[in-house]
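Beneath this line is the structure, given in structure tokens, with notes to follow.
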Amino acid sequence: MNMSGTRNTPIVPVGEALSFHELDFRPRVLVVDDETSIADTITTILSMSGYAAMAAYDGDEALETALVAPPHLVITDVLLPGMNGIELAITIQRVFPDCQILLFSGQATTVDLLAAAGSAGHQFTLLSKPVPPERLLAMVKEKLRSVTSQPISNAN
């Protein structure tokens, strides 16, 4: 940022941000990471790029947040205290089957967790930490491509 409080470089390349019309409906993205600085930074990047982003710092908090404001996309770290990110993703999709999931991790050990989820019929996209903002925004846009102005359906 410069002295006037404005950013010298855009968060997203010019022409890549959501249009004014798209802001009429802002997809809700829930970011979950026990490293608060990571969750908060990703939430800020998403918010500045036109998404309605919320942060949670563990699986239980994420579930509570999702029940209050159902997300269209959950971006979660795989390794969380208590419930891991894969368990969280499976639980979220049971309640909100239309919710998209994007996992990220900086740990090589997550491969075993993903393999176990895959053998149980759950397929998730995994990004490696650190995730460059441009890559993150491209993946979010791809995951939310099918989102419409309709509310997330509940499995009830």
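Residues are named by chain letter and number: chains run A, B, ... in the order of the structure tokens, numbers start at 1 in each chain, and ligands are numbered from 1 in the order shown.
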> Skipping near chain neighbours, those fewer than 6 positions away, what residues fall within 7 Å of Met54 (chain A) using only C-alpha atoms, listed as a PyMOL selection string?
Replying inline: chain A and resi 29-31+43
Hey, can you spit out that residue selection with C-alpha atoms as a PDB file, in the first residue's frame?
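part_3.pdb was written with the following content:
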```pdb
ATOM      1  CA  VAL A  29     -16.708 -18.696   0.673  1.00  0.00           C
ATOM      2  CA  LEU A  30     -15.762 -20.144   4.050  1.00  0.00           C
ATOM      3  CA  VAL A  31     -12.009 -20.295   4.692  1.00  0.00           C
ATOM      4  CA  THR A  43     -10.437 -14.120   3.467  1.00  0.00           C
TER       5      THR A  43
END
```
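Here the question is which of A:Ser47, A:Ser128, A:Gln123, A:Thr91 gets nearest to Gly106 (chain A) using only C-alpha atoms, and that residue is A:Ser128.
Between CA of Pro70 (chain A) and CA of Pro27 (chain A) the separation is 10.1 Å.
The coordinates place CA of Asp60 (chain A) at 11.4 Å from CA of Asp34 (chain A).
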> Which residues come within 9 Å of Glu87 (chain A), counting only C-alpha atoms, excluding same-chain residues fewer than 3 positions away, as number ranges by chain?
Replying inline: A: 59, 78, 83-84, 90-92, 117
> Distance CA of Ala53 (chain A)-CA of Lys129 (chain A), one decimal place?
Replying inline: 19.1 Å
Near Ile45 (chain A), counting only C-alpha atoms, which residues have an atom at most 12 Å away, once you skip same-chain residues fewer than 5 positions from it, shown as a PDB file with C-alpha atoms, in the first residue's frame?
```
ATOM      1  CA  PRO A  10      -4.382  -4.976  -7.997  1.00  0.00           C
ATOM      2  CA  ILE A  11      -5.242  -8.146  -6.079  1.00  0.00           C
ATOM      3  CA  VAL A  12      -6.390  -9.663  -9.351  1.00  0.00           C
ATOM      4  CA  ALA A  17     -12.395  -9.146 -10.834  1.00  0.00           C
ATOM      5  CA  VAL A  29     -16.708 -18.696   0.673  1.00  0.00           C
ATOM      6  CA  VAL A  31     -12.009 -20.295   4.692  1.00  0.00           C
ATOM      7  CA  ILE A  38      -3.472 -17.628   6.726  1.00  0.00           C
ATOM      8  CA  ALA A  39      -7.264 -17.801   7.118  1.00  0.00           C
ATOM      9  CA  ASP A  40      -7.515 -14.027   7.538  1.00  0.00           C
ATOM     10  CA  GLY A  50     -15.726  -9.601  -4.765  1.00  0.00           C
ATOM     11  CA  TYR A  51     -16.557 -12.704  -2.751  1.00  0.00           C
ATOM     12  CA  ALA A  52     -18.440 -12.819   0.555  1.00  0.00           C
ATOM     13  CA  ALA A  53     -15.648 -14.500   2.505  1.00  0.00           C
ATOM     14  CA  MET A  54     -15.719 -15.664   6.128  1.00  0.00           C
ATOM     15  CA  ALA A  55     -12.962 -17.208   8.243  1.00  0.00           C
ATOM     16  CA  VAL A 131      -0.899 -20.849  -2.655  1.00  0.00           C
ATOM     17  CA  PRO A 132      -0.167 -17.809  -4.830  1.00  0.00           C
ATOM     18  CA  PRO A 133      -3.203 -15.458  -4.801  1.00  0.00           C
ATOM     19  CA  GLU A 134      -3.601 -15.702  -8.587  1.00  0.00           C
ATOM     20  CA  ARG A 135      -3.769 -19.519  -8.436  1.00  0.00           C
ATOM     21  CA  LEU A 136      -6.170 -19.423  -5.496  1.00  0.00           C
ATOM     22  CA  LEU A 137      -8.509 -16.974  -7.257  1.00  0.00           C
ATOM     23  CA  VAL A 140     -12.129 -20.381  -6.636  1.00  0.00           C
TER      24      VAL A 140
END
```
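Residue nearest Gln93 (chain A) within the list A:Arg28, A:Pro81, A:Met139, A:Pro71: A:Pro71 [criterion: smallest interatomic distance, only C-alpha atoms].
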>> I need the residue nearest Leu46 (chain A) from this list: A:Val68, A:Ile75, A:Ala62, A:Ile101. Use only C-alpha atoms for the distance.
In response: A:Ile75
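Nearest to Glu61 (chain A) of all the residues A:Ile86, A:Leu103, A:Val32, A:Ile42 is A:Val32, counting only C-alpha atoms.
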